[in-house]
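Data first, discussion second: the structure below is written as structure tokens.
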Protein chains: 2
Amino acid sequence: MAKVNGNYLKLPGSYLFSTIGKKVNAYAAANPDKKIIRLGIGDVTQPLAPAIISALHGAVDEMADAATFRGYAPDLGYDFLRSAIARCDYQARGCDISEDEIFISDGAKCDSGNIQEIFSVDNKIAVCDPVYPVYVDTNVMAGRTGTYDAQKETWSDVIYMPCIAENEFAPMLPDKTPDLIYLCFPNNPTGAMITKSRLQEWVDYANKVGAVIIYDAAYEAYISEEDKPHSIYECEGARTCAIELHSFSKNAGFTGVRLGYTVVPKELKAEGVALHGLWARRHGTKYNGAPYIVQRAGEAVYSEEGQAQIKKQIAYYRNNANYILEGLRAAGYFVSGGVNAPYIWLKAPEGMTSWEFFDYLLEKANVVGTPGSGFGPSGETYFRLTAFGSYENTVEAIERIRKL
Amino acid sequence: MAKVNGNYLKLPGSYLFSTIGKKVNAYAAANPDKKIIRLGIGDVTQPLAPAIISALHGAVDEMADAATFRGYAPDLGYDFLRSAIARCDYQARGCDISEDEIFISDGAKCDSGNIQEIFSVDNKIAVCDPVYPVYVDTNVMAGRTGTYDAQKETWSDVIYMPCIAENEFAPMLPDKTPDLIYLCFPNNPTGAMITKSRLQEWVDYANKVGAVIIYDAAYEAYISEEDKPHSIYECEGARTCAIELHSFSKNAGFTGVRLGYTVVPKELKAEGVALHGLWARRHGTKYNGAPYIVQRAGEAVYSEEGQAQIKKQIAYYRNNANYILEGLRAAGYFVSGGVNAPYIWLKAPEGMTSWEFFDYLLEKANVVGTPGSGFGPSGETYFRLTAFGSYENTVEAIERIRKL
């Protein structure tokens, strides 16, 4: 008699963004005349850069000719892309990462969900609160999180690290010792950033207690301040304690193209076992490579032309972030993030919960954001807006919110 | 202290096709003058059909314009593709499958590896022997297979169903009762096919014992005989016991494009829980959709033009299969498969193991195949050749083998 993975049944409700999608669709169906502006899910709106489009067309043409057709990709990604990443994202920044430590994938969401599979179910995880739900939910599915307290909205076996106004939304070292630590900087959802010296403390701590840091650098391209690290490998000792996740979604607009990568340094071990080999085995067994045409598009991101074009695109979204930040501040909201990140984290008006503010904004301003409580209990009364809309929509959304 | 998933350490050696790749690369490096013909891994060689190329270019152009740009895809796939699949692969064949029972993915390999995650670790799996390694290895990684007997090359908690000459390489119902049954028809690696009435026996059996069949139909397009089922849903009662996996790799040449789908009927339950919801939850949490441009390419497969073009491509590979089959038979080999499948399963010459024959063919004929023993103990002394080479290479490979 087939039996289900009972851990799935412990998951409360549905995935945050599915719930939002359903609410918005229901409102839109009931109010077909309203123009809804979506600044909720972190989805980009600007078209792919010309250099990327041109690389895609070129690769498609290669697939049309037997002489240049490509079948299965190498398990871990094409060398042309892995070497471009190692050179531009690491070696150019003085980080000691080589191309055979880079694993190409179809995106940081998948990698951040799959990476826990190479670890024992007995590991205790530490996460920021609020947190990107995928980190926690995939650990729930694996049976690593204990029991759920519906009142507190927390799991018994998870170490939560509150990120609140008092600590500028950056976590303190945890009281209990974790085995796996999920960190994301620039942070989703709060938009907070960490200095290099603070990140160094985390690396030192992880090396001391033998923990592995899973460092999500998906929003790295939005860092604007000088003293902020673009990679955890800028810190001394990170090669023995950290895995880093990267996305092409937010720096190059690949949310619908699907490409990402994960770095597992060869020195990184747990119980004396090299994690590089375990991740390679998972990749080779449960995954079959990113599409050739998409990997060529990724390569184009690193071309001189591509770099110039995506810089303009990032500047466009940064300008939105700044507009939201200044506009809401002028309207009297308590806001943070938005300087080194495409996310603005604002406090709902006094007395409103996150979901109440969600409904209020949807109904009164026809603006969609993401309720902070959906990211964890410490997110309650907060709200996330993203800078990924068009400039025109961003301006209009802020106008509508200011008029409320 | 971080701890690894100890199940990974139980996996013997590396993934079969990685091992073959390393051996071939070493031989090629040592013998740069030799022209190696690869009929080992099931990778296609013909370019994408013109209708697919045109759809890809069209979708790339859409991504270049803000008005038509697409970001995150719907979790479970675009409606345009799901409805084309439901209509052409199911409803046109009289199978009662609706579009919301279809989950778009980046390929059948990933789906066949991931599907076990929604089931309890306590389930006992039954697999054919020989078998596509991914089914077993992913269950090993999940901790479902017990201990490995290196002598017998079997796992203590797996039910093996030998597929041997005596049963025409199609499994008999198992002695012990499994919870999950992996079936693949047309079969990889043996190329064997099952009749609809024999498949009906499996469906009846699964419904009787409460088992779930994971039915891999990746090679369905190669069926040439009338009485053979293209889908398990042609059988009465399959909606309450079967999940079906499909690939675009072998019918439309998508090995490097990456697209597949899985069907989970809404009636299918385990312990009273609908598996449709569990798979949707996994998809939404650990996956982020296939690229828009690739889904448009998939849609083109179902267009009138696309269908005509891929039929020609399949005929091309079928002709190769027939050439290998007849050529080896004429050379005195015992051969099977190749009629309803792109795989030919041949017996190594008397006294040779599968790997000995692999080395022999590589060194003496510079032809790469896949050792049958790599698929399981009952594959020992057998060898798999694929029909996915070019016609010219296929003819030359068979010539070389005949001359040995």
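If you're wondering about the labels, chains in the structure tokens are A, B, ... by order shown, residues count from 1 in each chain, ligands from 1 in order shown.
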Just need the residues of chain A within 6 Å of chain B, counting only C-alpha atoms, so spit them out as a PDB file with all heavy atoms, in the first residue's frame.
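Result file iface-v6.pdb:
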```pdb
ATOM      1  N   MET A   1       0.856  -1.189   0.000  1.00  0.00           N
ATOM      2  CA  MET A   1       0.000   0.000   0.000  1.00  0.00           C
ATOM      3  C   MET A   1       0.897   1.245   0.000  1.00  0.00           C
ATOM      4  O   MET A   1       1.680   1.429   0.930  1.00  0.00           O
ATOM      5  CB  MET A   1      -0.879  -0.031   1.262  1.00  0.00           C
ATOM      6  CG  MET A   1      -1.986   0.966   1.247  1.00  0.00           C
ATOM      7  SD  MET A   1      -3.414   0.388   0.294  1.00  0.00           S
ATOM      8  CE  MET A   1      -4.240  -0.692   1.485  1.00  0.00           C
ATOM      9  N   ALA A   2       0.784   2.061  -1.037  1.00  0.00           N
ATOM     10  CA  ALA A   2       1.642   3.248  -1.136  1.00  0.00           C
ATOM     11  C   ALA A   2       1.342   4.212   0.018  1.00  0.00           C
ATOM     12  O   ALA A   2       0.184   4.384   0.403  1.00  0.00           O
ATOM     13  CB  ALA A   2       1.428   3.943  -2.471  1.00  0.00           C
ATOM     14  N   LYS A   3       2.376   4.784   0.563  1.00  0.00           N
ATOM     15  CA  LYS A   3       2.245   5.739   1.672  1.00  0.00           C
ATOM     16  C   LYS A   3       2.858   7.074   1.246  1.00  0.00           C
ATOM     17  O   LYS A   3       3.875   7.097   0.565  1.00  0.00           O
ATOM     18  CB  LYS A   3       2.968   5.186   2.911  1.00  0.00           C
ATOM     19  CG  LYS A   3       2.294   3.953   3.508  1.00  0.00           C
ATOM     20  CD  LYS A   3       3.144   3.219   4.519  1.00  0.00           C
ATOM     21  CE  LYS A   3       4.204   2.316   3.889  1.00  0.00           C
ATOM     22  NZ  LYS A   3       3.698   1.141   3.155  1.00  0.00           N
ATOM     23  N   VAL A   4       2.225   8.160   1.679  1.00  0.00           N
ATOM     24  CA  VAL A   4       2.718   9.477   1.273  1.00  0.00           C
ATOM     25  C   VAL A   4       3.793   9.983   2.219  1.00  0.00           C
ATOM     26  O   VAL A   4       3.920   9.504   3.352  1.00  0.00           O
ATOM     27  CB  VAL A   4       1.575  10.531   1.190  1.00  0.00           C
ATOM     28  CG1 VAL A   4       0.542  10.110   0.162  1.00  0.00           C
ATOM     29  CG2 VAL A   4       0.942  10.758   2.555  1.00  0.00           C
ATOM     30  N   ASN A   5       4.553  10.942   1.764  1.00  0.00           N
ATOM     31  CA  ASN A   5       5.528  11.639   2.599  1.00  0.00           C
ATOM     32  C   ASN A   5       4.738  12.514   3.571  1.00  0.00           C
ATOM     33  O   ASN A   5       4.231  13.578   3.200  1.00  0.00           O
ATOM     34  CB  ASN A   5       6.441  12.491   1.717  1.00  0.00           C
ATOM     35  CG  ASN A   5       7.455  13.287   2.517  1.00  0.00           C
ATOM     36  OD1 ASN A   5       7.336  13.427   3.738  1.00  0.00           O
ATOM     37  ND2 ASN A   5       8.464  13.796   1.824  1.00  0.00           N
ATOM     38  N   GLN A  46      11.191  44.306 -17.363  1.00  0.00           N
ATOM     39  CA  GLN A  46      11.911  44.838 -18.515  1.00  0.00           C
ATOM     40  C   GLN A  46      12.338  43.705 -19.444  1.00  0.00           C
ATOM     41  O   GLN A  46      12.665  42.618 -18.984  1.00  0.00           O
ATOM     42  CB  GLN A  46      13.147  45.617 -18.045  1.00  0.00           C
ATOM     43  CG  GLN A  46      12.803  46.886 -17.283  1.00  0.00           C
ATOM     44  CD  GLN A  46      11.949  47.818 -18.137  1.00  0.00           C
ATOM     45  OE1 GLN A  46      12.398  48.324 -19.149  1.00  0.00           O
ATOM     46  NE2 GLN A  46      10.686  48.006 -17.747  1.00  0.00           N
ATOM     47  N   PRO A  47      12.351  43.952 -20.758  1.00  0.00           N
ATOM     48  CA  PRO A  47      12.729  42.890 -21.697  1.00  0.00           C
ATOM     49  C   PRO A  47      14.204  42.504 -21.553  1.00  0.00           C
ATOM     50  O   PRO A  47      14.996  43.244 -20.980  1.00  0.00           O
ATOM     51  CB  PRO A  47      12.458  43.523 -23.059  1.00  0.00           C
ATOM     52  CG  PRO A  47      12.478  44.993 -22.847  1.00  0.00           C
ATOM     53  CD  PRO A  47      12.001  45.209 -21.441  1.00  0.00           C
ATOM     54  N   LEU A  48      14.538  41.341 -22.086  1.00  0.00           N
ATOM     55  CA  LEU A  48      15.935  40.895 -22.067  1.00  0.00           C
ATOM     56  C   LEU A  48      16.788  41.875 -22.858  1.00  0.00           C
ATOM     57  O   LEU A  48      16.346  42.434 -23.873  1.00  0.00           O
ATOM     58  CB  LEU A  48      16.055  39.503 -22.682  1.00  0.00           C
ATOM     59  CG  LEU A  48      15.347  38.364 -21.943  1.00  0.00           C
ATOM     60  CD1 LEU A  48      15.544  37.044 -22.700  1.00  0.00           C
ATOM     61  CD2 LEU A  48      15.841  38.228 -20.507  1.00  0.00           C
ATOM     62  N   MET A  63      20.875  25.094 -33.156  1.00  0.00           N
ATOM     63  CA  MET A  63      20.057  23.888 -32.923  1.00  0.00           C
ATOM     64  C   MET A  63      19.323  23.442 -34.190  1.00  0.00           C
ATOM     65  O   MET A  63      18.702  22.385 -34.213  1.00  0.00           O
ATOM     66  CB  MET A  63      19.032  24.155 -31.813  1.00  0.00           C
ATOM     67  CG  MET A  63      19.650  24.483 -30.467  1.00  0.00           C
ATOM     68  SD  MET A  63      20.630  23.146 -29.757  1.00  0.00           S
ATOM     69  CE  MET A  63      19.335  22.174 -28.975  1.00  0.00           C
ATOM     70  N   ALA A  64      19.362  24.293 -35.224  1.00  0.00           N
ATOM     71  CA  ALA A  64      18.653  23.990 -36.479  1.00  0.00           C
ATOM     72  C   ALA A  64      19.540  23.255 -37.474  1.00  0.00           C
ATOM     73  O   ALA A  64      19.087  22.878 -38.556  1.00  0.00           O
ATOM     74  CB  ALA A  64      18.142  25.298 -37.099  1.00  0.00           C
ATOM     75  N   ASP A  65      20.792  23.034 -37.109  1.00  0.00           N
ATOM     76  CA  ASP A  65      21.755  22.470 -38.057  1.00  0.00           C
ATOM     77  C   ASP A  65      22.464  21.284 -37.387  1.00  0.00           C
ATOM     78  O   ASP A  65      23.001  21.431 -36.278  1.00  0.00           O
ATOM     79  CB  ASP A  65      22.763  23.581 -38.412  1.00  0.00           C
ATOM     80  CG  ASP A  65      23.792  23.132 -39.428  1.00  0.00           C
ATOM     81  OD1 ASP A  65      23.996  21.906 -39.589  1.00  0.00           O
ATOM     82  OD2 ASP A  65      24.404  24.013 -40.052  1.00  0.00           O
ATOM     83  N   ALA A  66      22.473  20.134 -38.036  1.00  0.00           N
ATOM     84  CA  ALA A  66      23.071  18.936 -37.426  1.00  0.00           C
ATOM     85  C   ALA A  66      24.530  19.172 -37.036  1.00  0.00           C
ATOM     86  O   ALA A  66      25.018  18.611 -36.053  1.00  0.00           O
ATOM     87  CB  ALA A  66      22.967  17.748 -38.372  1.00  0.00           C
ATOM     88  N   PHE A  69      24.185  21.332 -33.791  1.00  0.00           N
ATOM     89  CA  PHE A  69      23.153  20.924 -32.822  1.00  0.00           C
ATOM     90  C   PHE A  69      23.794  20.435 -31.530  1.00  0.00           C
ATOM     91  O   PHE A  69      24.832  19.790 -31.556  1.00  0.00           O
ATOM     92  CB  PHE A  69      22.316  19.801 -33.444  1.00  0.00           C
ATOM     93  CG  PHE A  69      21.292  19.204 -32.522  1.00  0.00           C
ATOM     94  CD1 PHE A  69      20.079  19.839 -32.313  1.00  0.00           C
ATOM     95  CD2 PHE A  69      21.550  18.008 -31.845  1.00  0.00           C
ATOM     96  CE1 PHE A  69      19.129  19.283 -31.454  1.00  0.00           C
ATOM     97  CE2 PHE A  69      20.608  17.448 -30.985  1.00  0.00           C
ATOM     98  CZ  PHE A  69      19.393  18.089 -30.795  1.00  0.00           C
ATOM     99  N   ARG A  70      23.175  20.736 -30.400  1.00  0.00           N
ATOM    100  CA  ARG A  70      23.663  20.250 -29.108  1.00  0.00           C
ATOM    101  C   ARG A  70      22.599  19.432 -28.396  1.00  0.00           C
ATOM    102  O   ARG A  70      21.476  19.911 -28.225  1.00  0.00           O
ATOM    103  CB  ARG A  70      24.007  21.435 -28.186  1.00  0.00           C
ATOM    104  CG  ARG A  70      24.944  22.434 -28.783  1.00  0.00           C
ATOM    105  CD  ARG A  70      26.383  22.033 -28.610  1.00  0.00           C
ATOM    106  NE  ARG A  70      27.237  23.129 -29.017  1.00  0.00           N
ATOM    107  CZ  ARG A  70      28.313  23.515 -28.322  1.00  0.00           C
ATOM    108  NH1 ARG A  70      28.675  22.883 -27.234  1.00  0.00           N
ATOM    109  NH2 ARG A  70      29.039  24.516 -28.757  1.00  0.00           N
ATOM    110  N   GLY A  71      22.976  18.256 -27.979  1.00  0.00           N
ATOM    111  CA  GLY A  71      22.065  17.410 -27.210  1.00  0.00           C
ATOM    112  C   GLY A  71      22.277  17.640 -25.720  1.00  0.00           C
ATOM    113  O   GLY A  71      22.377  18.782 -25.274  1.00  0.00           O
ATOM    114  N   TYR A  72      22.353  16.555 -24.963  1.00  0.00           N
ATOM    115  CA  TYR A  72      22.562  16.681 -23.523  1.00  0.00           C
ATOM    116  C   TYR A  72      23.757  17.577 -23.218  1.00  0.00           C
ATOM    117  O   TYR A  72      24.816  17.428 -23.815  1.00  0.00           O
ATOM    118  CB  TYR A  72      22.823  15.313 -22.902  1.00  0.00           C
ATOM    119  CG  TYR A  72      21.621  14.400 -22.863  1.00  0.00           C
ATOM    120  CD1 TYR A  72      21.633  13.157 -23.496  1.00  0.00           C
ATOM    121  CD2 TYR A  72      20.460  14.779 -22.204  1.00  0.00           C
ATOM    122  CE1 TYR A  72      20.527  12.313 -23.457  1.00  0.00           C
ATOM    123  CE2 TYR A  72      19.349  13.943 -22.165  1.00  0.00           C
ATOM    124  CZ  TYR A  72      19.395  12.709 -22.787  1.00  0.00           C
ATOM    125  OH  TYR A  72      18.307  11.886 -22.759  1.00  0.00           O
ATOM    126  N   CYS A 110      15.357  26.657  -7.260  1.00  0.00           N
ATOM    127  CA  CYS A 110      15.531  25.205  -7.263  1.00  0.00           C
ATOM    128  C   CYS A 110      16.739  24.822  -6.420  1.00  0.00           C
ATOM    129  O   CYS A 110      16.668  23.925  -5.588  1.00  0.00           O
ATOM    130  CB  CYS A 110      15.693  24.685  -8.687  1.00  0.00           C
ATOM    131  SG  CYS A 110      14.362  25.205  -9.774  1.00  0.00           S
ATOM    132  N   GLY A 113      16.189  25.115  -2.781  1.00  0.00           N
ATOM    133  CA  GLY A 113      15.307  24.053  -2.294  1.00  0.00           C
ATOM    134  C   GLY A 113      15.970  22.691  -2.294  1.00  0.00           C
ATOM    135  O   GLY A 113      15.699  21.850  -1.430  1.00  0.00           O
ATOM    136  N   ILE A 118      21.503  17.019   0.258  1.00  0.00           N
ATOM    137  CA  ILE A 118      22.794  16.341   0.460  1.00  0.00           C
ATOM    138  C   ILE A 118      23.179  16.279   1.942  1.00  0.00           C
ATOM    139  O   ILE A 118      24.200  15.707   2.292  1.00  0.00           O
ATOM    140  CB  ILE A 118      23.935  16.991  -0.365  1.00  0.00           C
ATOM    141  CG1 ILE A 118      24.219  18.436   0.075  1.00  0.00           C
ATOM    142  CG2 ILE A 118      23.610  16.950  -1.860  1.00  0.00           C
ATOM    143  CD1 ILE A 118      25.492  19.018  -0.560  1.00  0.00           C
ATOM    144  N   PHE A 119      22.334  16.862   2.789  1.00  0.00           N
ATOM    145  CA  PHE A 119      22.607  16.836   4.232  1.00  0.00           C
ATOM    146  C   PHE A 119      21.673  15.855   4.939  1.00  0.00           C
ATOM    147  O   PHE A 119      20.570  15.573   4.453  1.00  0.00           O
ATOM    148  CB  PHE A 119      22.424  18.241   4.824  1.00  0.00           C
ATOM    149  CG  PHE A 119      23.427  19.239   4.310  1.00  0.00           C
ATOM    150  CD1 PHE A 119      23.100  20.098   3.260  1.00  0.00           C
ATOM    151  CD2 PHE A 119      24.701  19.292   4.843  1.00  0.00           C
ATOM    152  CE1 PHE A 119      24.024  21.000   2.766  1.00  0.00           C
ATOM    153  CE2 PHE A 119      25.636  20.195   4.360  1.00  0.00           C
ATOM    154  CZ  PHE A 119      25.306  21.051   3.316  1.00  0.00           C
ATOM    155  N   SER A 120      22.140  15.385   6.083  1.00  0.00           N
ATOM    156  CA  SER A 120      21.352  14.457   6.883  1.00  0.00           C
ATOM    157  C   SER A 120      20.060  15.123   7.379  1.00  0.00           C
ATOM    158  O   SER A 120      20.025  16.336   7.586  1.00  0.00           O
ATOM    159  CB  SER A 120      22.191  14.016   8.078  1.00  0.00           C
ATOM    160  OG  SER A 120      21.381  13.430   9.064  1.00  0.00           O
ATOM    161  N   ASP A 179      23.408  23.503  12.524  1.00  0.00           N
ATOM    162  CA  ASP A 179      24.304  22.756  11.633  1.00  0.00           C
ATOM    163  C   ASP A 179      24.324  23.398  10.245  1.00  0.00           C
ATOM    164  O   ASP A 179      25.335  23.400   9.563  1.00  0.00           O
ATOM    165  CB  ASP A 179      23.830  21.306  11.529  1.00  0.00           C
ATOM    166  CG  ASP A 179      23.709  20.659  12.904  1.00  0.00           C
ATOM    167  OD1 ASP A 179      24.699  20.685  13.654  1.00  0.00           O
ATOM    168  OD2 ASP A 179      22.609  20.152  13.234  1.00  0.00           O
ATOM    169  N   GLY A 210      31.506  24.284  13.068  1.00  0.00           N
ATOM    170  CA  GLY A 210      31.364  23.233  12.053  1.00  0.00           C
ATOM    171  C   GLY A 210      30.048  23.295  11.300  1.00  0.00           C
ATOM    172  O   GLY A 210      29.567  22.275  10.788  1.00  0.00           O
ATOM    173  N   ALA A 211      29.451  24.459  11.224  1.00  0.00           N
ATOM    174  CA  ALA A 211      28.197  24.610  10.477  1.00  0.00           C
ATOM    175  C   ALA A 211      28.489  24.964   9.014  1.00  0.00           C
ATOM    176  O   ALA A 211      29.571  25.459   8.698  1.00  0.00           O
ATOM    177  CB  ALA A 211      27.351  25.708  11.116  1.00  0.00           C
ATOM    178  N   THR A 255      13.854  35.679 -15.031  1.00  0.00           N
ATOM    179  CA  THR A 255      12.838  34.940 -14.261  1.00  0.00           C
ATOM    180  C   THR A 255      12.090  33.927 -15.129  1.00  0.00           C
ATOM    181  O   THR A 255      11.764  32.848 -14.666  1.00  0.00           O
ATOM    182  CB  THR A 255      11.818  35.896 -13.597  1.00  0.00           C
ATOM    183  OG1 THR A 255      11.279  36.762 -14.605  1.00  0.00           O
ATOM    184  CG2 THR A 255      12.463  36.749 -12.511  1.00  0.00           C
ATOM    185  N   GLY A 256      11.852  34.276 -16.385  1.00  0.00           N
ATOM    186  CA  GLY A 256      11.174  33.356 -17.291  1.00  0.00           C
ATOM    187  C   GLY A 256      12.126  32.595 -18.195  1.00  0.00           C
ATOM    188  O   GLY A 256      11.692  31.822 -19.048  1.00  0.00           O
ATOM    189  N   VAL A 257      13.412  32.806 -18.024  1.00  0.00           N
ATOM    190  CA  VAL A 257      14.433  32.128 -18.850  1.00  0.00           C
ATOM    191  C   VAL A 257      15.038  30.957 -18.086  1.00  0.00           C
ATOM    192  O   VAL A 257      15.364  29.938 -18.671  1.00  0.00           O
ATOM    193  CB  VAL A 257      15.536  33.126 -19.283  1.00  0.00           C
ATOM    194  CG1 VAL A 257      16.601  32.437 -20.123  1.00  0.00           C
ATOM    195  CG2 VAL A 257      14.927  34.297 -20.060  1.00  0.00           C
ATOM    196  N   ARG A 258      15.145  31.106 -16.790  1.00  0.00           N
ATOM    197  CA  ARG A 258      15.597  30.068 -15.852  1.00  0.00           C
ATOM    198  C   ARG A 258      17.072  29.737 -15.974  1.00  0.00           C
ATOM    199  O   ARG A 258      17.469  28.898 -16.786  1.00  0.00           O
ATOM    200  CB  ARG A 258      14.763  28.782 -15.983  1.00  0.00           C
ATOM    201  CG  ARG A 258      13.257  28.948 -15.988  1.00  0.00           C
ATOM    202  CD  ARG A 258      12.673  29.683 -14.807  1.00  0.00           C
ATOM    203  NE  ARG A 258      13.240  29.251 -13.540  1.00  0.00           N
ATOM    204  CZ  ARG A 258      13.558  30.103 -12.548  1.00  0.00           C
ATOM    205  NH1 ARG A 258      13.359  31.399 -12.657  1.00  0.00           N
ATOM    206  NH2 ARG A 258      14.075  29.656 -11.446  1.00  0.00           N
ATOM    207  N   ALA A 270      31.812  18.050   5.329  1.00  0.00           N
ATOM    208  CA  ALA A 270      31.013  17.785   6.521  1.00  0.00           C
ATOM    209  C   ALA A 270      31.293  16.331   6.876  1.00  0.00           C
ATOM    210  O   ALA A 270      31.280  15.466   5.983  1.00  0.00           O
ATOM    211  CB  ALA A 270      29.523  17.997   6.236  1.00  0.00           C
ATOM    212  N   GLU A 271      31.566  16.081   8.123  1.00  0.00           N
ATOM    213  CA  GLU A 271      31.965  14.729   8.568  1.00  0.00           C
ATOM    214  C   GLU A 271      33.099  14.175   7.701  1.00  0.00           C
ATOM    215  O   GLU A 271      33.139  12.982   7.406  1.00  0.00           O
ATOM    216  CB  GLU A 271      30.780  13.770   8.509  1.00  0.00           C
ATOM    217  CG  GLU A 271      29.612  14.188   9.394  1.00  0.00           C
ATOM    218  CD  GLU A 271      28.467  13.183   9.322  1.00  0.00           C
ATOM    219  OE1 GLU A 271      27.880  13.023   8.235  1.00  0.00           O
ATOM    220  OE2 GLU A 271      28.166  12.569  10.346  1.00  0.00           O
ATOM    221  N   LYS A 286      19.666  13.627 -10.453  1.00  0.00           N
ATOM    222  CA  LYS A 286      18.297  14.154 -10.392  1.00  0.00           C
ATOM    223  C   LYS A 286      18.072  15.351 -11.305  1.00  0.00           C
ATOM    224  O   LYS A 286      16.989  15.929 -11.300  1.00  0.00           O
ATOM    225  CB  LYS A 286      17.951  14.557  -8.940  1.00  0.00           C
ATOM    226  CG  LYS A 286      17.873  13.368  -7.993  1.00  0.00           C
ATOM    227  CD  LYS A 286      17.453  13.780  -6.595  1.00  0.00           C
ATOM    228  CE  LYS A 286      15.942  13.954  -6.451  1.00  0.00           C
ATOM    229  NZ  LYS A 286      15.552  14.219  -5.048  1.00  0.00           N
ATOM    230  N   TYR A 287      19.079  15.737 -12.063  1.00  0.00           N
ATOM    231  CA  TYR A 287      18.955  16.919 -12.908  1.00  0.00           C
ATOM    232  C   TYR A 287      19.616  16.593 -14.242  1.00  0.00           C
ATOM    233  O   TYR A 287      20.430  15.681 -14.332  1.00  0.00           O
ATOM    234  CB  TYR A 287      19.648  18.100 -12.202  1.00  0.00           C
ATOM    235  CG  TYR A 287      19.553  19.412 -12.926  1.00  0.00           C
ATOM    236  CD1 TYR A 287      18.312  19.963 -13.242  1.00  0.00           C
ATOM    237  CD2 TYR A 287      20.700  20.111 -13.303  1.00  0.00           C
ATOM    238  CE1 TYR A 287      18.231  21.169 -13.909  1.00  0.00           C
ATOM    239  CE2 TYR A 287      20.620  21.315 -13.969  1.00  0.00           C
ATOM    240  CZ  TYR A 287      19.378  21.837 -14.271  1.00  0.00           C
ATOM    241  OH  TYR A 287      19.297  23.039 -14.937  1.00  0.00           O
ATOM    242  N   PRO A 291      19.133  24.271 -20.450  1.00  0.00           N
ATOM    243  CA  PRO A 291      19.121  24.245 -21.924  1.00  0.00           C
ATOM    244  C   PRO A 291      20.364  24.931 -22.514  1.00  0.00           C
ATOM    245  O   PRO A 291      20.807  25.959 -21.997  1.00  0.00           O
ATOM    246  CB  PRO A 291      17.855  25.022 -22.273  1.00  0.00           C
ATOM    247  CG  PRO A 291      16.970  24.897 -21.075  1.00  0.00           C
ATOM    248  CD  PRO A 291      17.901  24.846 -19.903  1.00  0.00           C
ATOM    249  N   TYR A 292      20.863  24.370 -23.598  1.00  0.00           N
ATOM    250  CA  TYR A 292      22.024  24.962 -24.270  1.00  0.00           C
ATOM    251  C   TYR A 292      21.780  26.426 -24.612  1.00  0.00           C
ATOM    252  O   TYR A 292      22.613  27.298 -24.345  1.00  0.00           O
ATOM    253  CB  TYR A 292      22.355  24.165 -25.543  1.00  0.00           C
ATOM    254  CG  TYR A 292      23.412  24.826 -26.387  1.00  0.00           C
ATOM    255  CD1 TYR A 292      24.720  24.906 -25.942  1.00  0.00           C
ATOM    256  CD2 TYR A 292      23.105  25.387 -27.628  1.00  0.00           C
ATOM    257  CE1 TYR A 292      25.703  25.528 -26.696  1.00  0.00           C
ATOM    258  CE2 TYR A 292      24.069  26.012 -28.397  1.00  0.00           C
ATOM    259  CZ  TYR A 292      25.371  26.084 -27.926  1.00  0.00           C
ATOM    260  OH  TYR A 292      26.334  26.709 -28.673  1.00  0.00           O
TER     261      TYR A 292
END
```
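Excluding Ala397 of chain B itself and same-chain residues fewer than 6 positions from it, the residues having an atom within 9 Å of it are B:Ile37, B:Arg38, B:Leu39, B:Ile324, B:Ala365, B:Asn366, B:Val367, counting only C-alpha atoms.
Residue neighbourhood of segment 381-388 of chain A, excluding near-sequence residues (fewer than 2 positions): Leu39, Gly40, Val44, Tyr317, Asn320, Ala321, Pro342, Tyr343, Ile344, Trp345, Leu346, Lys347, Ala348, Thr353, Ser354, Gly369, Thr370, Pro371, Gly372 and Gly379 of chain A, at 6 Å, using only C-alpha atoms.
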For C-alpha atoms, I'd like the residues from the last selection saved as a compact mmCIF listing (two decimals), in the first residue's frame.
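Written output follows (selection.txt):
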```txt
# COMPACT_ATOMS: atom_id res chain seq x y z
CA LEU A 39 4.67 45.01 -6.85
CA GLY A 40 4.33 41.77 -4.93
CA VAL A 44 10.95 41.53 -13.50
CA TYR A 317 15.07 49.10 -11.15
CA ASN A 320 12.31 52.51 -8.88
CA ALA A 321 13.54 51.34 -5.49
CA PRO A 342 15.31 45.70 -5.05
CA TYR A 343 13.00 45.22 -2.05
CA ILE A 344 11.45 47.86 0.16
CA TRP A 345 10.33 46.76 3.60
CA LEU A 346 7.71 49.02 5.13
CA LYS A 347 5.67 48.97 8.27
CA ALA A 348 1.90 48.79 7.90
CA THR A 353 -1.63 43.31 10.35
CA SER A 354 0.33 42.47 7.22
CA GLY A 369 2.51 43.75 -2.35
CA THR A 370 3.58 40.86 -0.17
CA PRO A 371 2.47 40.58 3.47
CA GLY A 372 5.51 40.47 5.73
CA GLY A 379 7.49 39.94 9.51
```
Quiz item: DSSP says strand (DSSP E or B) for which residues of segment 202-380 of chain B? Put them as a PyMOL selection string?
Solution: chain B and resi 212-216+242-247+260-263+269-270+273-274+335-337+343-347+367-368+370-371
From atom CA of Pro12 of chain A to atom CA of Tyr182 of chain A the spacing works out at 20.8 Å
message = Can you tell me which residues surround Ile85 of chain A at a distance of at most 9 Å, considering only C-alpha atoms, apart from same-chain residues fewer than 3 positions away, and format the answer as a list in words?
response = Phe80, Leu81, Arg82, Cys88, Asp89, Tyr90, Gln91, Glu99, Ile102, Glu299 and Tyr302 of chain A
